[in-house]
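Peer 1: Sending over entry.pdb (PDB, C-alpha atoms).
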ATOM      1  CA  MET I   1      -2.789  54.264  84.094  1.00  0.00           C
ATOM      2  CA  LYS I   2       0.848  53.466  83.401  1.00  0.00           C
ATOM      3  CA  GLY I   3       3.726  55.671  84.517  1.00  0.00           C
ATOM      4  CA  ILE I   4       4.338  58.755  82.411  1.00  0.00           C
ATOM      5  CA  VAL I   5       7.954  59.664  81.781  1.00  0.00           C
ATOM      6  CA  GLY I   6      10.066  61.064  78.994  1.00  0.00           C
ATOM      7  CA  ASN I   7      12.287  64.021  78.283  1.00  0.00           C
ATOM      8  CA  GLU I   8      10.222  65.226  75.286  1.00  0.00           C
ATOM      9  CA  MET I   9       7.167  65.640  77.456  1.00  0.00           C
ATOM     10  CA  GLY I  10       6.378  68.747  79.441  1.00  0.00           C
ATOM     11  CA  ARG I  11       7.582  68.830  83.030  1.00  0.00           C
ATOM     12  CA  LEU I  12       5.163  68.111  85.847  1.00  0.00           C
ATOM     13  CA  PHE I  13       5.526  70.374  88.883  1.00  0.00           C
ATOM     14  CA  VAL I  14       3.706  69.380  92.062  1.00  0.00           C
ATOM     15  CA  VAL I  15       3.315  71.990  94.805  1.00  0.00           C
ATOM     16  CA  SER I  16       2.152  70.767  98.217  1.00  0.00           C
ATOM     17  CA  GLY I  17       1.889  72.336 101.619  1.00  0.00           C
ATOM     18  CA  PRO I  18      -0.584  72.848 104.409  1.00  0.00           C
ATOM     19  CA  SER I  19      -3.794  74.781 103.934  1.00  0.00           C
ATOM     20  CA  GLY I  20      -3.122  78.466 104.580  1.00  0.00           C
ATOM     21  CA  VAL I  21       0.562  78.403 103.606  1.00  0.00           C
ATOM     22  CA  GLY I  22      -0.068  80.467 100.457  1.00  0.00           C
ATOM     23  CA  LYS I  23       0.171  77.874  97.669  1.00  0.00           C
ATOM     24  CA  GLY I  24      -2.631  79.385  95.591  1.00  0.00           C
ATOM     25  CA  THR I  25      -1.385  82.949  95.968  1.00  0.00           C
ATOM     26  CA  LEU I  26       2.182  81.987  95.108  1.00  0.00           C
ATOM     27  CA  ILE I  27       1.174  79.952  92.056  1.00  0.00           C
ATOM     28  CA  LYS I  28      -1.097  82.749  90.805  1.00  0.00           C
ATOM     29  CA  ARG I  29       1.774  85.228  91.053  1.00  0.00           C
ATOM     30  CA  LEU I  30       4.148  82.828  89.309  1.00  0.00           C
ATOM     31  CA  PHE I  31       1.710  82.309  86.425  1.00  0.00           C
ATOM     32  CA  SER I  32       1.490  86.062  85.884  1.00  0.00           C
ATOM     33  CA  ARG I  33       5.230  86.247  85.158  1.00  0.00           C
ATOM     34  CA  LEU I  34       6.187  82.866  83.651  1.00  0.00           C
ATOM     35  CA  GLU I  35       4.902  81.672  80.295  1.00  0.00           C
ATOM     36  CA  GLY I  36       4.341  78.125  79.145  1.00  0.00           C
ATOM     37  CA  LEU I  37       2.786  76.744  82.319  1.00  0.00           C
ATOM     38  CA  ALA I  38      -0.593  75.025  82.444  1.00  0.00           C
ATOM     39  CA  LEU I  39      -2.442  74.740  85.744  1.00  0.00           C
ATOM     40  CA  SER I  40      -4.173  71.517  86.660  1.00  0.00           C
ATOM     41  CA  VAL I  41      -7.423  72.613  88.315  1.00  0.00           C
ATOM     42  CA  SER I  42      -8.266  70.147  91.075  1.00  0.00           C
ATOM     43  CA  ALA I  43     -11.699  68.792  91.914  1.00  0.00           C
ATOM     44  CA  THR I  44     -13.112  68.694  95.431  1.00  0.00           C
ATOM     45  CA  THR I  45     -16.213  67.781  97.392  1.00  0.00           C
ATOM     46  CA  ARG I  46     -15.818  70.710  99.782  1.00  0.00           C
ATOM     47  CA  SER I  47     -18.038  73.766  99.449  1.00  0.00           C
ATOM     48  CA  PRO I  48     -16.659  76.831  97.649  1.00  0.00           C
ATOM     49  CA  ARG I  49     -15.175  79.551  99.833  1.00  0.00           C
ATOM     50  CA  PRO I  50     -16.333  83.122  99.233  1.00  0.00           C
ATOM     51  CA  GLY I  51     -15.007  84.344  95.863  1.00  0.00           C
ATOM     52  CA  GLU I  52     -14.068  80.882  94.547  1.00  0.00           C
ATOM     53  CA  ILE I  53     -15.294  80.066  91.048  1.00  0.00           C
ATOM     54  CA  ASP I  54     -16.169  76.589  89.787  1.00  0.00           C
ATOM     55  CA  GLY I  55     -13.704  75.531  87.093  1.00  0.00           C
ATOM     56  CA  VAL I  56     -11.223  78.274  88.010  1.00  0.00           C
ATOM     57  CA  ASN I  57     -10.259  77.655  91.633  1.00  0.00           C
ATOM     58  CA  TYR I  58     -11.606  74.096  91.792  1.00  0.00           C
ATOM     59  CA  HIS I  59     -14.131  71.871  90.082  1.00  0.00           C
ATOM     60  CA  PHE I  60     -16.757  71.542  92.831  1.00  0.00           C
ATOM     61  CA  TYR I  61     -18.397  68.097  92.821  1.00  0.00           C
ATOM     62  CA  SER I  62     -20.890  66.361  95.067  1.00  0.00           C
ATOM     63  CA  ARG I  63     -19.479  63.329  96.845  1.00  0.00           C
ATOM     64  CA  GLU I  64     -21.562  61.113  94.541  1.00  0.00           C
ATOM     65  CA  GLN I  65     -20.143  62.791  91.402  1.00  0.00           C
ATOM     66  CA  PHE I  66     -16.613  62.482  92.749  1.00  0.00           C
ATOM     67  CA  GLU I  67     -17.010  58.808  93.621  1.00  0.00           C
ATOM     68  CA  GLU I  68     -18.416  58.128  90.131  1.00  0.00           C
ATOM     69  CA  GLY I  69     -15.286  59.814  88.729  1.00  0.00           C
ATOM     70  CA  ILE I  70     -13.093  57.490  90.795  1.00  0.00           C
ATOM     71  CA  GLU I  71     -14.985  54.466  89.447  1.00  0.00           C
ATOM     72  CA  ARG I  72     -14.522  55.686  85.837  1.00  0.00           C
ATOM     73  CA  GLY I  73     -10.773  56.306  86.308  1.00  0.00           C
ATOM     74  CA  TYR I  74     -11.297  60.024  85.730  1.00  0.00           C
ATOM     75  CA  PHE I  75      -8.660  61.133  88.242  1.00  0.00           C
ATOM     76  CA  PHE I  76      -4.882  61.104  87.857  1.00  0.00           C
ATOM     77  CA  GLU I  77      -4.737  61.068  91.645  1.00  0.00           C
ATOM     78  CA  TYR I  78      -7.195  61.595  94.473  1.00  0.00           C
ATOM     79  CA  ALA I  79      -7.122  61.650  98.251  1.00  0.00           C
ATOM     80  CA  ALA I  80      -9.281  62.284 101.296  1.00  0.00           C
ATOM     81  CA  TYR I  81      -8.266  65.339 103.298  1.00  0.00           C
ATOM     82  CA  ASN I  82      -9.975  66.819 106.341  1.00  0.00           C
ATOM     83  CA  GLY I  83     -13.299  65.129 105.567  1.00  0.00           C
ATOM     84  CA  ASN I  84     -13.423  65.987 101.852  1.00  0.00           C
ATOM     85  CA  LEU I  85     -12.218  64.360  98.648  1.00  0.00           C
ATOM     86  CA  TYR I  86      -9.715  66.084  96.346  1.00  0.00           C
ATOM     87  CA  GLY I  87      -8.437  64.918  92.982  1.00  0.00           C
ATOM     88  CA  SER I  88      -6.805  65.924  89.706  1.00  0.00           C
ATOM     89  CA  PRO I  89      -8.581  65.155  86.415  1.00  0.00           C
ATOM     90  CA  ALA I  90      -6.179  63.008  84.370  1.00  0.00           C
ATOM     91  CA  GLU I  91      -7.044  63.956  80.797  1.00  0.00           C
ATOM     92  CA  GLY I  92      -5.832  67.555  80.888  1.00  0.00           C
ATOM     93  CA  ILE I  93      -2.557  66.674  82.595  1.00  0.00           C
ATOM     94  CA  VAL I  94      -1.701  63.920  80.139  1.00  0.00           C
ATOM     95  CA  GLN I  95      -2.690  65.971  77.066  1.00  0.00           C
ATOM     96  CA  GLN I  96      -0.696  69.025  78.163  1.00  0.00           C
ATOM     97  CA  ARG I  97       2.419  66.979  78.922  1.00  0.00           C
ATOM     98  CA  GLU I  98       2.218  65.012  75.687  1.00  0.00           C
ATOM     99  CA  ALA I  99       1.994  68.327  73.822  1.00  0.00           C
ATOM    100  CA  GLY I 100       5.270  69.362  75.511  1.00  0.00           C
ATOM    101  CA  HIS I 101       3.683  71.852  77.928  1.00  0.00           C
ATOM    102  CA  ASP I 102       4.698  72.093  81.568  1.00  0.00           C
ATOM    103  CA  VAL I 103       1.921  71.430  84.091  1.00  0.00           C
ATOM    104  CA  MET I 104       1.683  72.656  87.670  1.00  0.00           C
ATOM    105  CA  MET I 105      -0.436  70.816  90.205  1.00  0.00           C
ATOM    106  CA  GLU I 106      -1.390  72.124  93.644  1.00  0.00           C
ATOM    107  CA  ILE I 107      -2.168  69.012  95.697  1.00  0.00           C
ATOM    108  CA  ASP I 108      -1.705  67.529  99.147  1.00  0.00           C
ATOM    109  CA  VAL I 109       1.059  65.171 100.236  1.00  0.00           C
ATOM    110  CA  GLN I 110      -0.982  61.996  99.665  1.00  0.00           C
ATOM    111  CA  GLY I 111      -1.694  63.077  96.100  1.00  0.00           C
ATOM    112  CA  ALA I 112       1.928  64.075  95.529  1.00  0.00           C
ATOM    113  CA  MET I 113       3.171  60.651  96.583  1.00  0.00           C
ATOM    114  CA  HIS I 114       0.690  58.989  94.219  1.00  0.00           C
ATOM    115  CA  VAL I 115       1.665  61.312  91.347  1.00  0.00           C
ATOM    116  CA  HIS I 116       5.323  60.473  91.938  1.00  0.00           C
ATOM    117  CA  GLU I 117       4.502  56.768  91.516  1.00  0.00           C
ATOM    118  CA  LEU I 118       2.734  57.455  88.187  1.00  0.00           C
ATOM    119  CA  ALA I 119       5.210  60.075  86.982  1.00  0.00           C
ATOM    120  CA  PRO I 120       8.617  59.531  88.634  1.00  0.00           C
ATOM    121  CA  ASP I 121       9.982  62.546  86.728  1.00  0.00           C
ATOM    122  CA  ALA I 122       7.559  64.889  88.534  1.00  0.00           C
ATOM    123  CA  VAL I 123       9.267  67.720  90.432  1.00  0.00           C
ATOM    124  CA  LEU I 124       7.902  67.771  93.992  1.00  0.00           C
ATOM    125  CA  ILE I 125       7.987  71.119  95.797  1.00  0.00           C
ATOM    126  CA  TYR I 126       6.810  71.501  99.390  1.00  0.00           C
ATOM    127  CA  LEU I 127       5.781  74.961 100.559  1.00  0.00           C
ATOM    128  CA  LYS I 128       6.291  75.285 104.294  1.00  0.00           C
ATOM    129  CA  PRO I 129       5.126  78.011 106.702  1.00  0.00           C
ATOM    130  CA  PRO I 130       7.784  79.802 108.774  1.00  0.00           C
ATOM    131  CA  SER I 131       6.200  78.244 111.885  1.00  0.00           C
ATOM    132  CA  LEU I 132       3.087  76.398 113.018  1.00  0.00           C
ATOM    133  CA  ALA I 133       2.020  79.509 114.958  1.00  0.00           C
ATOM    134  CA  GLU I 134       2.189  81.596 111.765  1.00  0.00           C
ATOM    135  CA  LEU I 135       0.190  78.967 109.898  1.00  0.00           C
ATOM    136  CA  GLU I 136      -2.478  79.073 112.602  1.00  0.00           C
ATOM    137  CA  ARG I 137      -2.556  82.883 112.381  1.00  0.00           C
ATOM    138  CA  ARG I 138      -3.072  82.714 108.589  1.00  0.00           C
ATOM    139  CA  LEU I 139      -5.840  80.126 108.895  1.00  0.00           C
ATOM    140  CA  ARG I 140      -7.665  82.223 111.478  1.00  0.00           C
ATOM    141  CA  ALA I 141      -7.245  85.385 109.382  1.00  0.00           C
ATOM    142  CA  ARG I 142      -9.139  83.741 106.503  1.00  0.00           C
ATOM    143  CA  ARG I 143     -12.231  83.470 108.727  1.00  0.00           C
ATOM    144  CA  THR I 144     -13.594  80.649 106.578  1.00  0.00           C
ATOM    145  CA  GLU I 145     -13.257  77.660 108.898  1.00  0.00           C
ATOM    146  CA  SER I 146     -14.554  76.378 112.214  1.00  0.00           C
ATOM    147  CA  GLU I 147     -12.253  75.802 115.179  1.00  0.00           C
ATOM    148  CA  GLU I 148     -12.502  72.049 114.554  1.00  0.00           C
ATOM    149  CA  ARG I 149     -11.394  72.489 110.915  1.00  0.00           C
ATOM    150  CA  ILE I 150      -8.497  74.749 111.925  1.00  0.00           C
ATOM    151  CA  GLN I 151      -7.270  72.173 114.447  1.00  0.00           C
ATOM    152  CA  GLY I 152      -7.628  69.447 111.795  1.00  0.00           C
ATOM    153  CA  ARG I 153      -5.575  71.474 109.312  1.00  0.00           C
ATOM    154  CA  LEU I 154      -2.844  72.111 111.907  1.00  0.00           C
ATOM    155  CA  ALA I 155      -2.675  68.399 112.747  1.00  0.00           C
ATOM    156  CA  ALA I 156      -2.489  67.585 109.022  1.00  0.00           C
ATOM    157  CA  ALA I 157       0.375  70.090 108.611  1.00  0.00           C
ATOM    158  CA  LEU I 158       2.395  68.290 111.299  1.00  0.00           C
ATOM    159  CA  PHE I 159       1.733  64.925 109.640  1.00  0.00           C
ATOM    160  CA  GLU I 160       2.706  66.235 106.181  1.00  0.00           C
ATOM    161  CA  GLU I 161       6.114  67.370 107.411  1.00  0.00           C
ATOM    162  CA  SER I 162       7.066  63.710 107.906  1.00  0.00           C
ATOM    163  CA  PHE I 163       7.180  63.471 104.072  1.00  0.00           C
ATOM    164  CA  LEU I 164       9.606  66.364 103.479  1.00  0.00           C
ATOM    165  CA  ALA I 165      12.534  64.063 102.642  1.00  0.00           C
ATOM    166  CA  ARG I 166      10.572  62.732  99.639  1.00  0.00           C
ATOM    167  CA  TYR I 167      10.312  66.182  98.036  1.00  0.00           C
ATOM    168  CA  ASN I 168      12.853  67.583  95.592  1.00  0.00           C
ATOM    169  CA  TYR I 169      12.561  71.059  97.109  1.00  0.00           C
ATOM    170  CA  VAL I 170      11.324  72.519 100.399  1.00  0.00           C
ATOM    171  CA  LEU I 171      10.536  76.218 100.253  1.00  0.00           C
ATOM    172  CA  VAL I 172       9.628  78.330 103.309  1.00  0.00           C
ATOM    173  CA  ASN I 173       6.977  80.942 102.538  1.00  0.00           C
ATOM    174  CA  ASP I 174       8.036  83.637 104.974  1.00  0.00           C
ATOM    175  CA  ASP I 175       8.184  86.458 102.414  1.00  0.00           C
ATOM    176  CA  LEU I 176       5.885  86.043  99.402  1.00  0.00           C
ATOM    177  CA  THR I 177       8.134  87.969  97.005  1.00  0.00           C
ATOM    178  CA  ILE I 178      11.208  85.922  97.905  1.00  0.00           C
ATOM    179  CA  ALA I 179       9.229  82.652  97.757  1.00  0.00           C
ATOM    180  CA  GLU I 180       7.958  83.633  94.290  1.00  0.00           C
ATOM    181  CA  GLU I 181      11.509  84.312  93.090  1.00  0.00           C
ATOM    182  CA  ILE I 182      12.736  80.971  94.404  1.00  0.00           C
ATOM    183  CA  LEU I 183       9.809  79.013  92.944  1.00  0.00           C
ATOM    184  CA  GLY I 184      10.383  80.721  89.584  1.00  0.00           C
ATOM    185  CA  ALA I 185      14.074  79.807  89.714  1.00  0.00           C
ATOM    186  CA  ILE I 186      13.186  76.158  90.456  1.00  0.00           C
ATOM    187  CA  VAL I 187      10.812  75.996  87.479  1.00  0.00           C
ATOM    188  CA  LYS I 188      13.375  77.603  85.136  1.00  0.00           C
ATOM    189  CA  ALA I 189      16.168  75.265  86.285  1.00  0.00           C
ATOM    190  CA  GLU I 190      14.015  72.127  85.992  1.00  0.00           C
ATOM    191  CA  ARG I 191      12.774  73.115  82.531  1.00  0.00           C
ATOM    192  CA  LYS I 192      16.347  72.857  81.251  1.00  0.00           C
ATOM    193  CA  HIS I 193      16.285  69.113  82.011  1.00  0.00           C
ATOM    194  CA  LYS I 194      13.503  68.377  79.520  1.00  0.00           C
ATOM    195  CA  LYS I 195      15.520  69.402  76.427  1.00  0.00           C
TER     196      LYS I 195
END
So that I can check it, write out the structure of this file as structure tokens.

Peer 2:
Amino acid sequence: MKGIVGNEMGRLFVVSGPSGVGKGTLIKRLFSRLEGLALSVSATTRSPRPGEIDGVNYHFYSREQFEEGIERGYFFEYAAYNGNLYGSPAEGIVQQREAGHDVMMEIDVQGAMHVHELAPDAVLIYLKPPSLAELERRLRARRTESEERIQGRLAAALFEESFLARYNYVLVNDDLTIAEEILGAIVKAERKHKK
């Protein structure tokens, strides 16, 4: 797929950050108050967590289905993370942008770097926890992961921070209301650049 750029197209917002930092919660709150945003629902090979719905939270695929999608060029980007595969279906992103709609993606750092290669005009936003100890507390409070998975996610969070300089914005999620206000302000300011 060739790079996708152009001021007439919708903006592409990429939100990354470690598991447990609150990306999903923050994006959900933002969508309830800002119009004109489309969410790119990612695909994954991991099992659904309690309360997650296929096609809403993620598209849940078997590893075989996911790998077939890679072979067919189905994904805009994909990456391996903590033993599972994650990716963003390309068709919806491209169609929404070409129609002039803004798209928000919630993906990991590897995916964000790949998206930036394909769409250099993408706005990269990294959501950071106030501290590693707070991130660990949040992960444990979810009660959805083994000790091994928690340690893997904490190690991944440390690795991801080495990419912060490549992001347009770094936002600390210490207070959800304040983080929501700041993320909303970023989206509003960046939208002005597409006209």

Peer 1: Using all atoms listed in the file, find all polymer residues with an atom at most 10 Å away from the point (4.6, 83.2, 109.2); report them as a PyMOL selection string.

Peer 2: chain I and resi 21+128-138+172-175

Peer 1: Expanded to explicit residues, what is the PyMOL selection byres ((chain I and resi 151) around 12) for this file, as a PDB file with C-alpha atoms, in the frame of the given file?

Peer 2:
ATOM      1  CA  SER I  19      -3.794  74.781 103.934  1.00  0.00           C
ATOM      2  CA  ASN I  82      -9.975  66.819 106.341  1.00  0.00           C
ATOM      3  CA  LEU I 132       3.087  76.398 113.018  1.00  0.00           C
ATOM      4  CA  ALA I 133       2.020  79.509 114.958  1.00  0.00           C
ATOM      5  CA  LEU I 135       0.190  78.967 109.898  1.00  0.00           C
ATOM      6  CA  GLU I 136      -2.478  79.073 112.602  1.00  0.00           C
ATOM      7  CA  ARG I 137      -2.556  82.883 112.381  1.00  0.00           C
ATOM      8  CA  LEU I 139      -5.840  80.126 108.895  1.00  0.00           C
ATOM      9  CA  ARG I 140      -7.665  82.223 111.478  1.00  0.00           C
ATOM     10  CA  GLU I 145     -13.257  77.660 108.898  1.00  0.00           C
ATOM     11  CA  SER I 146     -14.554  76.378 112.214  1.00  0.00           C
ATOM     12  CA  GLU I 147     -12.253  75.802 115.179  1.00  0.00           C
ATOM     13  CA  GLU I 148     -12.502  72.049 114.554  1.00  0.00           C
ATOM     14  CA  ARG I 149     -11.394  72.489 110.915  1.00  0.00           C
ATOM     15  CA  ILE I 150      -8.497  74.749 111.925  1.00  0.00           C
ATOM     16  CA  GLY I 152      -7.628  69.447 111.795  1.00  0.00           C
ATOM     17  CA  ARG I 153      -5.575  71.474 109.312  1.00  0.00           C
ATOM     18  CA  LEU I 154      -2.844  72.111 111.907  1.00  0.00           C
ATOM     19  CA  ALA I 155      -2.675  68.399 112.747  1.00  0.00           C
ATOM     20  CA  ALA I 156      -2.489  67.585 109.022  1.00  0.00           C
ATOM     21  CA  ALA I 157       0.375  70.090 108.611  1.00  0.00           C
ATOM     22  CA  LEU I 158       2.395  68.290 111.299  1.00  0.00           C
TER      23      LEU I 158
END

Peer 1: What is the distance, in Å and to one decimal place, between atom CA of I:Tyr86 and atom CA of I:Asn57?

Peer 2: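 Straight-line distance from atom CA of I:Tyr86 to atom CA of I:Asn57 works out to 12.5 Å.
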
Peer 1: Can you tell me, as a list in words, what residues are no more than 6 Å from stretch 14-18 of chain I when counting all atoms listed in the file, ignoring any on the same chain fewer than 5 positions away?

Peer 2: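 Result of the neighbour search: Met104, Met105, Glu106, Ile107, Asp108, Leu124, Ile125, Tyr126, Leu127, Lys128 and Ala157 of chain I.
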
Peer 1: Using all atoms listed in the file, which residue out of I:Glu77, I:Val103, I:His193, I:Leu85 lies closest to I:Glu117?

Peer 2: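 Counting all atoms listed in the file, the residue closest to I:Glu117 is I:Glu77.
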
Peer 1: Given the choices I:Leu171, I:Val187, I:Glu8, I:Glu180, which gets closest to I:Lys28 if the distance is worked out from all atoms listed in the file?

Peer 2: I:Glu180

Peer 1: To one decimal place, how far is atom CA of I:Ala43 from atom CA of I:Phe60 in Å?

Peer 2: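 Interatomic distance here is 5.8 Å.
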
Peer 1: Return as an MDAnalysis selection string the set of residues that the PyMOL selection byres ((chain I and resi 78) around 7) yields on the displayed structure.

Peer 2: chainID I and resid 75 77 79 86:88 111

Peer 1: Using C-alpha atoms, can you write the selected residues to a file as an mmCIF file, in the coordinates of the input?

Peer 2:
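Result written to result19.cif:
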data_model
loop_
_atom_site.group_PDB
_atom_site.id
_atom_site.type_symbol
_atom_site.label_atom_id
_atom_site.label_comp_id
_atom_site.auth_asym_id
_atom_site.auth_seq_id
_atom_site.Cartn_x
_atom_site.Cartn_y
_atom_site.Cartn_z
ATOM 1 C CA PHE I 75 -8.660 61.133 88.242
ATOM 2 C CA GLU I 77 -4.737 61.068 91.645
ATOM 3 C CA ALA I 79 -7.122 61.650 98.251
ATOM 4 C CA TYR I 86 -9.715 66.084 96.346
ATOM 5 C CA GLY I 87 -8.437 64.918 92.982
ATOM 6 C CA SER I 88 -6.805 65.924 89.706
ATOM 7 C CA GLY I 111 -1.694 63.077 96.100
#

Peer 1: Name the closest residue to I:Ala112 among the candidates I:Val41, I:Asn168, I:Glu91, I:Gly55; distances are taken between atoms, counting only C-alpha atoms.

Peer 2: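 Ranking I:Val41, I:Asn168, I:Glu91, I:Gly55 by distance to I:Ala112, first place goes to I:Asn168.
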
Peer 1: Could you write out as JSON, numbers by chain the residues that the PyMOL selection byres ((chain I and resi 188-190) around 10) matches in the shown file?

Peer 2: {"I": [11, 12, 13, 34, 123, 182, 183, 184, 185, 186, 187, 191, 192, 193, 194]}
